[in-house]
file work_6.txt (compact mmCIF, C-alpha atoms)
# COMPACT_ATOMS: atom_id res chain seq x y z
CA MET A 1 -48.76 84.73 26.41
CA PHE A 2 -46.59 81.64 26.32
CA SER A 3 -43.80 83.30 24.36
CA ASN A 4 -43.66 86.22 26.83
CA TYR A 5 -43.29 83.84 29.68
CA VAL A 6 -40.39 82.06 28.03
CA TYR A 7 -38.78 85.35 27.08
CA ASP A 8 -39.29 86.79 30.57
CA THR A 9 -37.70 83.74 32.16
CA HIS A 10 -34.80 83.99 29.74
CA ARG A 11 -34.34 87.69 30.55
CA LEU A 12 -34.56 87.08 34.28
CA MET A 13 -31.97 84.31 34.11
CA SER A 14 -29.65 86.40 32.02
CA ASP A 15 -30.09 89.57 34.15
CA LYS A 16 -29.48 87.65 37.36
CA ASN A 17 -26.60 85.60 35.92
CA ILE A 18 -28.38 82.31 36.57
CA ASN A 19 -26.72 79.24 35.05
CA LEU A 20 -28.86 76.51 36.47
CA ALA A 21 -32.30 76.55 38.08
CA PHE A 22 -34.72 73.84 39.05
CA SER A 23 -38.02 73.94 40.85
CA GLY A 24 -39.81 70.83 42.05
CA HIS A 25 -39.21 67.95 44.37
CA PHE A 26 -35.57 67.09 44.95
CA THR A 27 -34.60 63.43 45.02
CA PRO A 28 -31.14 61.87 45.52
CA GLU A 29 -31.16 60.79 41.83
CA LEU A 30 -31.82 64.36 40.73
CA ILE A 31 -28.95 65.60 42.88
CA THR A 32 -26.60 63.12 41.20
CA SER A 33 -27.61 64.42 37.76
CA MET A 34 -27.33 68.04 38.76
CA LEU A 35 -23.89 67.45 40.21
CA ALA A 36 -22.80 65.79 36.99
CA MET A 37 -23.67 69.02 35.18
CA THR A 38 -21.22 70.98 37.30
CA LYS A 39 -18.61 68.30 37.90
CA SER A 40 -16.83 68.32 34.55
CA SER A 41 -15.30 71.67 35.41
CA VAL A 42 -14.98 71.15 39.15
CA SER A 43 -11.48 69.74 39.36
CA LYS A 44 -10.08 72.68 37.42
CA SER A 45 -10.14 75.22 40.20
CA ALA A 46 -10.11 75.41 43.96
CA THR A 47 -13.16 77.66 43.88
CA LEU A 48 -15.23 75.20 41.91
CA LYS A 49 -14.38 72.42 44.33
CA LYS A 50 -15.61 74.63 47.13
CA VAL A 51 -18.77 75.50 45.21
CA TYR A 52 -19.38 71.82 44.44
CA ASN A 53 -19.23 71.00 48.16
CA ILE A 54 -21.64 73.80 48.99
CA ILE A 55 -24.06 72.77 46.23
CA ILE A 56 -24.20 69.20 47.56
CA GLU A 57 -24.83 70.32 51.10
CA CYS A 58 -27.57 72.75 49.99
CA LEU A 59 -29.25 70.22 47.69
CA GLU A 60 -29.18 67.54 50.39
CA ASN A 61 -30.79 69.99 52.71
CA LEU A 62 -33.69 70.25 50.24
CA THR A 63 -34.21 66.48 50.18
CA LYS A 64 -34.23 66.44 53.98
CA HIS A 65 -36.49 69.40 54.64
CA GLY A 66 -38.11 70.25 51.32
CA ALA A 67 -41.46 68.57 51.73
CA PRO A 68 -43.27 68.29 55.03
CA SER A 69 -44.93 65.03 53.96
CA GLU A 70 -45.36 62.72 50.98
CA GLU A 71 -48.72 64.28 50.03
CA GLN A 72 -47.34 67.78 50.20
CA LYS A 73 -44.45 67.21 47.79
CA LYS A 74 -46.38 68.61 44.83
CA GLU A 75 -47.85 71.40 46.87
CA PHE A 76 -44.51 72.54 48.24
CA PRO A 77 -41.92 72.54 45.48
CA SER A 78 -38.40 73.59 46.45
CA ILE A 79 -36.14 75.68 44.27
CA PHE A 80 -32.42 75.62 43.57
CA ILE A 81 -30.59 78.36 41.69
CA PHE A 82 -26.91 78.46 40.77
CA GLY A 83 -25.35 81.51 39.21
CA ASN A 84 -22.27 83.66 39.05
CA ASP A 85 -21.01 87.09 38.17
CA ASP A 86 -17.39 88.16 37.70
CA ASP A 87 -16.52 88.01 41.38
CA HIS A 88 -18.81 85.44 43.01
CA PHE A 89 -20.66 82.17 42.65
CA TYR A 90 -24.15 82.11 44.15
CA VAL A 91 -25.92 79.03 45.45
CA SER A 92 -29.51 79.74 46.45
CA THR A 93 -32.24 77.49 47.71
CA GLY A 94 -35.86 77.97 48.73
CA ASN A 95 -38.01 75.48 50.57
CA THR A 96 -41.10 75.29 52.71
CA ILE A 97 -40.73 74.78 56.43
CA SER A 98 -43.30 74.69 59.20
CA GLU A 99 -43.77 77.69 61.45
CA GLU A 100 -42.24 75.84 64.44
CA GLU A 101 -38.98 75.29 62.55
CA VAL A 102 -38.45 79.00 61.88
CA GLU A 103 -37.18 80.17 65.28
CA PRO A 104 -34.59 77.43 65.91
CA LEU A 105 -33.34 77.69 62.31
CA LYS A 106 -33.15 81.48 62.50
CA ALA A 107 -31.26 81.27 65.78
CA LYS A 108 -28.79 78.84 64.22
CA LEU A 109 -28.26 81.00 61.12
CA GLU A 110 -27.75 84.11 63.25
CA LYS A 111 -25.22 82.26 65.39
CA VAL A 112 -23.39 81.11 62.23
CA ASN A 113 -23.24 84.70 60.97
CA SER A 114 -21.99 86.03 64.32
CA LEU A 115 -18.90 83.80 64.25
CA ASP A 116 -15.61 84.18 62.42
CA LYS A 117 -13.89 81.19 60.81
CA GLN A 118 -12.18 80.14 64.01
CA GLY A 119 -15.43 80.34 65.94
CA LEU A 120 -17.22 78.29 63.28
CA ARG A 121 -14.45 75.67 63.40
CA ALA A 122 -14.70 75.40 67.20
CA TRP A 123 -18.48 74.99 66.98
CA TYR A 124 -18.13 72.40 64.21
CA ASN A 125 -15.63 70.40 66.28
CA ASP A 126 -17.92 70.55 69.29
CA VAL A 127 -20.90 69.23 67.29
CA ILE A 128 -18.87 66.49 65.60
CA MET A 129 -17.41 65.30 68.95
CA ASN A 130 -20.31 65.89 71.33
CA GLY A 131 -23.41 66.47 69.23
CA GLU A 132 -26.27 64.06 68.85
CA GLY A 133 -25.98 61.23 66.34
CA VAL A 134 -27.20 61.42 62.79
CA SER A 135 -30.97 61.97 62.63
CA GLU A 136 -33.46 59.79 60.78
CA LYS A 137 -33.41 62.22 57.88
CA GLY A 138 -29.62 61.98 57.76
CA GLY A 139 -28.79 65.34 59.31
CA ALA A 140 -25.85 65.72 61.67
CA GLY A 141 -26.32 69.41 62.50
CA LEU A 142 -23.06 70.19 60.71
CA GLY A 143 -24.25 71.14 57.22
CA ILE A 144 -24.90 74.83 57.64
CA ILE A 145 -21.74 75.37 59.72
CA ASP A 146 -19.71 73.61 57.04
CA VAL A 147 -21.32 75.71 54.29
CA ALA A 148 -20.52 78.93 56.17
CA MET A 149 -16.89 77.88 56.71
CA LYS A 150 -16.40 77.04 53.04
CA SER A 151 -18.24 80.12 51.79
CA GLY A 152 -16.19 82.55 53.86
CA ASN A 153 -19.07 85.03 53.55
CA LYS A 154 -22.10 85.79 55.70
CA LEU A 155 -25.14 83.72 54.81
CA GLU A 156 -28.16 85.60 53.49
CA PHE A 157 -31.54 84.25 54.54
CA GLU A 158 -35.19 85.18 54.66
CA PHE A 159 -38.45 83.60 55.80
CA LYS A 160 -41.29 84.60 53.49
CA PRO A 161 -44.91 84.21 54.56
CA LEU A 162 -46.52 81.45 52.51
CA ARG A 163 -49.73 80.40 54.18
CA PRO A 164 -50.81 79.91 57.77
CA GLY A 165 -48.47 77.48 59.52
CA PHE A 166 -45.73 77.58 56.87
CA LYS A 167 -42.89 79.81 55.71
CA PHE A 168 -40.75 79.78 52.58
CA TYR A 169 -37.12 79.67 53.70
CA VAL A 170 -34.69 81.30 51.28
CA LEU A 171 -30.94 80.82 51.70
CA LYS A 172 -28.24 82.43 49.61
CA VAL A 173 -24.60 81.35 49.83
CA LYS A 174 -21.89 83.39 48.17
CA VAL A 175 -18.38 82.23 47.25
CA GLY A 176 -15.70 84.61 46.06
CA ILE A 177 -13.99 83.56 42.84
CA GLN A 178 -10.24 83.21 43.30
CA LYS A 179 -8.49 84.84 40.40
CA LYS A 180 -5.79 82.81 38.74
CA LYS A 181 -2.31 83.92 39.64
CA MET B 1 -12.03 37.50 60.18
CA ASN B 2 -13.09 38.53 56.67
CA ASP B 3 -11.93 41.66 54.87
CA LEU B 4 -14.57 44.28 54.21
CA ILE B 5 -14.62 45.17 50.52
CA LEU B 6 -17.21 47.49 48.95
CA GLU B 7 -17.11 48.80 45.40
CA ALA B 8 -17.60 52.53 44.81
CA THR B 9 -20.97 53.81 43.63
CA ASP B 10 -22.16 57.28 42.50
CA THR B 11 -22.69 58.27 46.09
CA ALA B 12 -20.54 55.93 48.18
CA PRO B 13 -16.79 55.44 48.30
CA LYS B 14 -14.76 52.32 47.68
CA ILE B 15 -14.02 50.57 50.96
CA HIS B 16 -11.08 48.21 51.21
CA PHE B 17 -10.64 47.23 54.85
CA GLN B 18 -8.23 44.34 55.37
CA SER B 19 -7.98 42.39 58.60
CA ASN B 20 -4.16 42.88 58.57
CA GLY B 21 -4.82 46.53 59.45
CA ASN B 22 -4.52 48.12 55.99
CA LEU B 23 -7.59 50.23 55.36
CA ILE B 24 -8.51 52.28 52.28
CA MET B 25 -11.43 54.66 51.70
CA ASP B 26 -11.52 56.14 48.21
CA GLY B 27 -14.03 58.25 46.28
CA GLU B 28 -16.99 60.38 47.30
CA SER B 29 -19.15 59.88 50.33
CA ARG B 30 -22.70 61.17 50.26
CA PRO B 31 -24.71 57.96 50.66
CA GLU B 32 -28.46 58.30 50.60
CA ASN B 33 -28.73 56.46 53.89
CA VAL B 34 -25.59 57.38 55.75
CA VAL B 35 -26.36 55.26 58.82
CA LYS B 36 -26.96 52.15 56.74
CA PHE B 37 -23.67 52.69 54.90
CA PHE B 38 -21.43 53.41 57.88
CA GLU B 39 -22.82 51.07 60.52
CA PRO B 40 -21.29 47.91 59.02
CA LEU B 41 -17.93 49.72 58.85
CA MET B 42 -18.13 50.61 62.52
CA ASN B 43 -19.09 47.04 63.48
CA TRP B 44 -16.26 45.68 61.39
CA MET B 45 -13.81 47.99 63.20
CA ASP B 46 -15.05 46.70 66.56
CA GLU B 47 -14.46 43.15 65.42
CA LEU B 48 -10.99 44.08 64.16
CA LYS B 49 -10.16 45.48 67.60
CA SER B 50 -10.64 42.06 69.18
CA HIS B 51 -8.12 40.63 66.68
CA GLU B 52 -5.48 43.12 67.84
CA PRO B 53 -3.71 43.86 64.53
CA ASP B 54 -0.09 45.03 64.99
CA HIS B 55 -0.77 48.24 63.06
CA ILE B 56 -3.43 50.33 61.35
CA THR B 57 -2.73 52.29 58.17
CA LEU B 58 -5.72 54.17 56.87
CA ASP B 59 -5.34 55.57 53.37
CA PHE B 60 -7.95 58.28 53.38
CA LYS B 61 -8.61 59.17 49.74
CA LEU B 62 -12.06 60.69 49.91
CA GLU B 63 -12.27 63.65 47.53
CA TYR B 64 -15.55 64.68 49.02
CA TYR B 65 -17.70 63.72 51.98
CA ASN B 66 -20.95 65.33 53.10
CA SER B 67 -21.47 66.62 56.61
CA SER B 68 -23.37 63.56 57.83
CA SER B 69 -20.54 61.32 56.58
CA ALA B 70 -18.14 63.59 58.51
CA LYS B 71 -19.84 62.57 61.73
CA PHE B 72 -19.10 58.89 61.00
CA ILE B 73 -15.57 59.60 59.81
CA MET B 74 -14.97 61.23 63.18
CA GLU B 75 -16.38 58.14 64.90
CA LEU B 76 -14.12 55.90 62.83
CA LEU B 77 -11.04 58.02 63.61
CA LEU B 78 -11.90 57.99 67.33
CA LYS B 79 -12.11 54.20 67.23
CA LEU B 80 -8.55 54.13 65.90
CA ASN B 81 -7.42 55.73 69.19
CA ASN B 82 -7.68 52.24 70.70
CA PHE B 83 -5.36 50.54 68.22
CA LYS B 84 -1.56 50.18 68.15
CA ASN B 85 0.76 51.91 65.62
CA VAL B 86 -1.89 53.95 63.86
CA LEU B 87 -1.10 56.09 60.82
CA VAL B 88 -3.64 57.99 58.76
CA LYS B 89 -2.48 58.98 55.30
CA TRP B 90 -4.64 61.90 54.34
CA HIS B 91 -4.59 62.36 50.55
CA TYR B 92 -5.84 65.67 49.15
CA ASP B 93 -5.78 67.60 45.91
CA GLU B 94 -3.03 70.21 46.28
CA MET B 95 -5.56 72.94 45.43
CA ASP B 96 -8.13 71.75 47.92
CA GLU B 97 -7.25 73.71 51.04
CA ASP B 98 -10.59 72.92 52.67
CA LEU B 99 -9.86 69.19 52.57
CA LEU B 100 -6.35 69.68 53.96
CA GLU B 101 -7.74 71.86 56.72
CA SER B 102 -10.41 69.28 57.60
CA GLY B 103 -7.70 66.65 57.95
CA GLU B 104 -5.62 68.91 60.18
CA GLU B 105 -8.65 69.49 62.38
CA PHE B 106 -9.38 65.76 62.65
CA GLU B 107 -5.74 65.17 63.62
CA LYS B 108 -6.13 67.56 66.56
CA LEU B 109 -8.99 65.47 67.91
CA VAL B 110 -7.19 62.09 68.00
CA ASN B 111 -4.09 60.71 69.74
CA TYR B 112 -2.07 59.57 66.69
CA SER B 113 -0.48 61.33 63.70
CA PHE B 114 -1.59 62.03 60.18
CA GLU B 115 0.63 62.11 57.14
CA PHE B 116 -0.59 64.63 54.58
CA ILE B 117 -0.08 63.72 50.96
CA ALA B 118 -0.76 66.37 48.32
CA ILE B 119 -1.88 65.05 44.97
CA GLU B 120 -0.62 67.19 42.14
CA ASP B 121 -3.16 68.48 39.71
CA GLU B 122 -3.07 66.78 36.32
CA ASP B 123 -3.35 69.96 34.26
call {"tool": "encode", "arguments": {"input": "work_6.txt", "output": "structure tokens"}}
result
Amino acid sequence: MFSNYVYDTHRLMSDKNINLAFSGHFTPELITSMLAMTKSSVSKSATLKKVYNIIIECLENLTKHGAPSEEQKKEFPSIFIFGNDDDHFYVSTGNTISEEEVEPLKAKLEKVNSLDKQGLRAWYNDVIMNGEGVSEKGGAGLGIIDVAMKSGNKLEFEFKPLRPGFKFYVLKVKVGIQKKK
Amino acid sequence: MNDLILEATDTAPKIHFQSNGNLIMDGESRPENVVKFFEPLMNWMDELKSHEPDHITLDFKLEYYNSSSAKFIMELLLKLNNFKNVLVKWHYDEMDEDLLESGEEFEKLVNYSFEFIAIEDED
């Protein structure tokens, strides 16, 4: 029933402390609007500034990799979820990627998680100085390293089977809330 | 040569590059097409080099830049290695340790000094 579905969504969002969720195709215009929703409070704390940076990087990632082709945009909606509990903010994304992208991405994420902040910084500096130029889609290979440095926590990720040839890539980034002194 | 003046937009910073060597970048940088935005800046810097200004002062006032902009900011800062009397004034919100840290890292990768300027929070 329609009302159950609304109620269930409401319960799910409240149980999981979700403040903002969107599923569909992510465009640069949409990102600007979504950022405006969080921005009013951003300047008020160091944590929110950090979270704002992570949200942008994650949302931009969805515009770059969210849909394999123009025709598939409707077929492969991406999802963005932003929530928090008392101790952490959570920025989560889900998007479809092709089977071939899984291994290199997984290797990169595992490398990110194996490094401490200093190691991440050294890798970041190496990519920014010696890495390839910015790709056609606007990627510089720095995004996920930057997100990990700012988060200060291990990234959580999963590749869910979707259909032959594709996987649904879920990424969860956690930021600890700095308590006011 | 002409100055390079660009007004800020939702996704691109204000650019105020003067041929006397005073350069300002101010706002947020996450342009939709990062190459298209930064390439004219890089070309302008190359032209400036041939005019040999007696100094470069870059007031860096970006509150936020995305990771693909970072790549071009690095390129810009590396270009400044070839100029005389370079100073980068790195402005950052006093609470924004990430931005301060990014500036300190950039400084390690170039052959001139940064001046770090903390902006006090309004509250």
call {"tool": "residues_around", "arguments": {"input": "work_6.txt", "residues": "Lys84 of chain B", "least_positions_apart": "4", "cutoff": "9 Å", "atoms": "all atoms listed in the file", "output": "PyMOL selection string"}}
result
chain B and resi 52-56+80
call {"tool": "write_last_selection", "arguments": {"input": "work_6.txt", "atoms": "C-alpha atoms", "output": "PDB file, keeping the file's coordinate frame"}}
result
ATOM      1  CA  GLU B  52      -5.480  43.120  67.840  1.00  0.00           C
ATOM      2  CA  PRO B  53      -3.710  43.860  64.530  1.00  0.00           C
ATOM      3  CA  ASP B  54      -0.090  45.030  64.990  1.00  0.00           C
ATOM      4  CA  HIS B  55      -0.770  48.240  63.060  1.00  0.00           C
ATOM      5  CA  ILE B  56      -3.430  50.330  61.350  1.00  0.00           C
ATOM      6  CA  LEU B  80      -8.550  54.130  65.900  1.00  0.00           C
TER       7      LEU B  80
END
call {"tool": "closest_residue", "arguments": {"input": "work_6.txt", "among": "B:Met45, B:Val35, B:Leu87, B:Leu62", "to": "chain A", "atoms": "only C-alpha atoms"}}
result
B:Val35
call {"tool": "residues_near_point", "arguments": {"input": "work_6.txt", "point": "(-6.6, 58.7, 65.4)", "cutoff": "9 Å", "atoms": "all atoms listed in the file", "output": "list in words"}}
result
Leu76, Leu77, Leu78, Lys79, Leu80, Asn81, Asn82, Phe83, Val86, Leu87, Val88, Phe106, Glu107, Lys108, Leu109, Val110, Asn111, Tyr112, Ser113 and Phe114 of chain B
call {"tool": "write_last_selection", "arguments": {"input": "work_6.txt", "atoms": "C-alpha atoms", "output": "mmCIF file, keeping the file's coordinate frame"}}
result
data_model
loop_
_atom_site.group_PDB
_atom_site.id
_atom_site.type_symbol
_atom_site.label_atom_id
_atom_site.label_comp_id
_atom_site.auth_asym_id
_atom_site.auth_seq_id
_atom_site.Cartn_x
_atom_site.Cartn_y
_atom_site.Cartn_z
ATOM 1 C CA LEU B 76 -14.120 55.900 62.830
ATOM 2 C CA LEU B 77 -11.040 58.020 63.610
ATOM 3 C CA LEU B 78 -11.900 57.990 67.330
ATOM 4 C CA LYS B 79 -12.110 54.200 67.230
ATOM 5 C CA LEU B 80 -8.550 54.130 65.900
ATOM 6 C CA ASN B 81 -7.420 55.730 69.190
ATOM 7 C CA ASN B 82 -7.680 52.240 70.700
ATOM 8 C CA PHE B 83 -5.360 50.540 68.220
ATOM 9 C CA VAL B 86 -1.890 53.950 63.860
ATOM 10 C CA LEU B 87 -1.100 56.090 60.820
ATOM 11 C CA VAL B 88 -3.640 57.990 58.760
ATOM 12 C CA PHE B 106 -9.380 65.760 62.650
ATOM 13 C CA GLU B 107 -5.740 65.170 63.620
ATOM 14 C CA LYS B 108 -6.130 67.560 66.560
ATOM 15 C CA LEU B 109 -8.990 65.470 67.910
ATOM 16 C CA VAL B 110 -7.190 62.090 68.000
ATOM 17 C CA ASN B 111 -4.090 60.710 69.740
ATOM 18 C CA TYR B 112 -2.070 59.570 66.690
ATOM 19 C CA SER B 113 -0.480 61.330 63.700
ATOM 20 C CA PHE B 114 -1.590 62.030 60.180
#
call {"tool": "axis_aligned_box", "arguments": {"input": "work_6.txt", "around": "segment 168-178 of chain A", "padding_each_side": "8 Å", "output": "lines of an AutoDock Vina configuration file"}}
result
center_x = -25.5
center_y = 82.1
center_z = 48.3
size_x = 46.5
size_y = 20.9
size_z = 26.9
call {"tool": "interface_residues", "arguments": {"input": "work_6.txt", "of": "chain B", "to": "chain A", "cutoff": "8 Å", "atoms": "only C-alpha atoms", "output": "list in words"}}
result
Asp10, Thr11, Glu32, Asn33, Val34, Val35, Tyr64, Asn66, Ser67, Ser68, Ala70, Lys71, Met74, Met95, Asp96, Glu97, Asp98 and Asp123 of chain B
call {"tool": "residues_near_point", "arguments": {"input": "work_6.txt", "point": "(-22.2, 87.1, 54.5)", "cutoff": "10 Å", "atoms": "all atoms listed in the file", "output": "list in words"}}
result
Val112, Asn113, Ser114, Ala148, Ser151, Gly152, Asn153, Lys154, Leu155, Glu156, Phe157, Lys172, Val173, Lys174 and Val175 of chain A
call {"tool": "residues_around", "arguments": {"input": "work_6.txt", "residues": "Asp85 of chain A", "least_positions_apart": "2", "cutoff": "9 Å", "atoms": "only C-alpha atoms", "output": "VMD selection string"}}
result
chain A and resid 16 to 18 83 87 to 90
call {"tool": "closest_residue", "arguments": {"input": "work_6.txt", "among": "B:Lys61, B:Glu28, B:Leu4, B:Thr9", "to": "Pro40 of chain B", "atoms": "only C-alpha atoms"}}
result
B:Leu4
call {"tool": "atom_distance", "arguments": {"input": "work_6.txt", "atom1": "atom CA of Gly27 of chain B", "atom2": "atom CA of Gln118 of chain A"}}
result
28.2 Å
call {"tool": "build_atoms", "arguments": {"input": "work_6.txt", "residues": "segment 92-117 of chain B", "atoms": "N, CA and C atoms", "output": "mmCIF file, keeping the file's coordinate frame"}}
result
data_model
loop_
_atom_site.group_PDB
_atom_site.id
_atom_site.type_symbol
_atom_site.label_atom_id
_atom_site.label_comp_id
_atom_site.auth_asym_id
_atom_site.auth_seq_id
_atom_site.Cartn_x
_atom_site.Cartn_y
_atom_site.Cartn_z
ATOM 1 N N TYR B 92 -4.986 64.548 49.567
ATOM 2 C CA TYR B 92 -5.840 65.670 49.150
ATOM 3 C C TYR B 92 -5.268 66.318 47.904
ATOM 4 N N ASP B 93 -6.168 66.839 47.092
ATOM 5 C CA ASP B 93 -5.780 67.600 45.910
ATOM 6 C C ASP B 93 -5.021 68.844 46.379
ATOM 7 N N GLU B 94 -3.878 69.097 45.796
ATOM 8 C CA GLU B 94 -3.030 70.210 46.280
ATOM 9 C C GLU B 94 -3.759 71.559 46.289
ATOM 10 N N MET B 95 -4.806 71.680 45.458
ATOM 11 C CA MET B 95 -5.560 72.940 45.430
ATOM 12 C C MET B 95 -6.673 72.989 46.472
ATOM 13 N N ASP B 96 -6.964 71.836 47.047
ATOM 14 C CA ASP B 96 -8.130 71.750 47.920
ATOM 15 C C ASP B 96 -7.756 72.032 49.381
ATOM 16 N N GLU B 97 -7.670 73.316 49.690
ATOM 17 C CA GLU B 97 -7.250 73.710 51.040
ATOM 18 C C GLU B 97 -8.278 73.306 52.097
ATOM 19 N N ASP B 98 -9.548 73.297 51.708
ATOM 20 C CA ASP B 98 -10.590 72.920 52.670
ATOM 21 C C ASP B 98 -10.394 71.482 53.149
ATOM 22 N N LEU B 99 -10.043 70.591 52.212
ATOM 23 C CA LEU B 99 -9.860 69.190 52.570
ATOM 24 C C LEU B 99 -8.619 68.999 53.453
ATOM 25 N N LEU B 100 -7.557 69.720 53.132
ATOM 26 C CA LEU B 100 -6.350 69.680 53.960
ATOM 27 C C LEU B 100 -6.669 70.156 55.372
ATOM 28 N N GLU B 101 -7.381 71.273 55.432
ATOM 29 C CA GLU B 101 -7.740 71.860 56.720
ATOM 30 C C GLU B 101 -8.611 70.898 57.551
ATOM 31 N N SER B 102 -9.560 70.238 56.880
ATOM 32 C CA SER B 102 -10.410 69.280 57.600
ATOM 33 C C SER B 102 -9.566 68.173 58.204
ATOM 34 N N GLY B 103 -8.580 67.697 57.446
ATOM 35 C CA GLY B 103 -7.700 66.650 57.950
ATOM 36 C C GLY B 103 -6.895 67.133 59.150
ATOM 37 N N GLU B 104 -6.402 68.361 59.065
ATOM 38 C CA GLU B 104 -5.620 68.910 60.180
ATOM 39 C C GLU B 104 -6.470 69.042 61.433
ATOM 40 N N GLU B 105 -7.748 69.389 61.229
ATOM 41 C CA GLU B 105 -8.650 69.490 62.380
ATOM 42 C C GLU B 105 -8.917 68.120 62.994
ATOM 43 N N PHE B 106 -9.157 67.117 62.146
ATOM 44 C CA PHE B 106 -9.380 65.760 62.650
ATOM 45 C C PHE B 106 -8.163 65.308 63.462
ATOM 46 N N GLU B 107 -6.966 65.612 62.943
ATOM 47 C CA GLU B 107 -5.740 65.170 63.620
ATOM 48 C C GLU B 107 -5.658 65.713 65.044
ATOM 49 N N LYS B 108 -6.165 66.952 65.231
ATOM 50 C CA LYS B 108 -6.130 67.560 66.560
ATOM 51 C C LYS B 108 -7.013 66.822 67.558
ATOM 52 N N LEU B 109 -7.993 66.089 67.038
ATOM 53 C CA LEU B 109 -8.990 65.470 67.910
ATOM 54 C C LEU B 109 -8.686 64.011 68.235
ATOM 55 N N VAL B 110 -7.545 63.493 67.739
ATOM 56 C CA VAL B 110 -7.190 62.090 68.000
ATOM 57 C C VAL B 110 -5.778 62.011 68.599
ATOM 58 N N ASN B 111 -5.376 60.812 69.037
ATOM 59 C CA ASN B 111 -4.090 60.710 69.740
ATOM 60 C C ASN B 111 -2.966 60.068 68.903
ATOM 61 N N TYR B 112 -3.121 60.081 67.570
ATOM 62 C CA TYR B 112 -2.070 59.570 66.690
ATOM 63 C C TYR B 112 -1.835 60.589 65.575
ATOM 64 N N SER B 113 -0.856 60.318 64.698
ATOM 65 C CA SER B 113 -0.480 61.330 63.700
ATOM 66 C C SER B 113 -1.067 61.047 62.317
ATOM 67 N N PHE B 114 -1.198 62.111 61.583
ATOM 68 C CA PHE B 114 -1.590 62.030 60.180
ATOM 69 C C PHE B 114 -0.367 62.325 59.323
ATOM 70 N N GLU B 115 -0.348 61.717 58.152
ATOM 71 C CA GLU B 115 0.630 62.110 57.140
ATOM 72 C C GLU B 115 -0.179 62.742 56.018
ATOM 73 N N PHE B 116 0.184 63.950 55.615
ATOM 74 C CA PHE B 116 -0.590 64.630 54.580
ATOM 75 C C PHE B 116 0.093 64.487 53.231
ATOM 76 N N ILE B 117 -0.658 63.999 52.270
ATOM 77 C CA ILE B 117 -0.080 63.720 50.960
ATOM 78 C C ILE B 117 -0.832 64.536 49.899
#
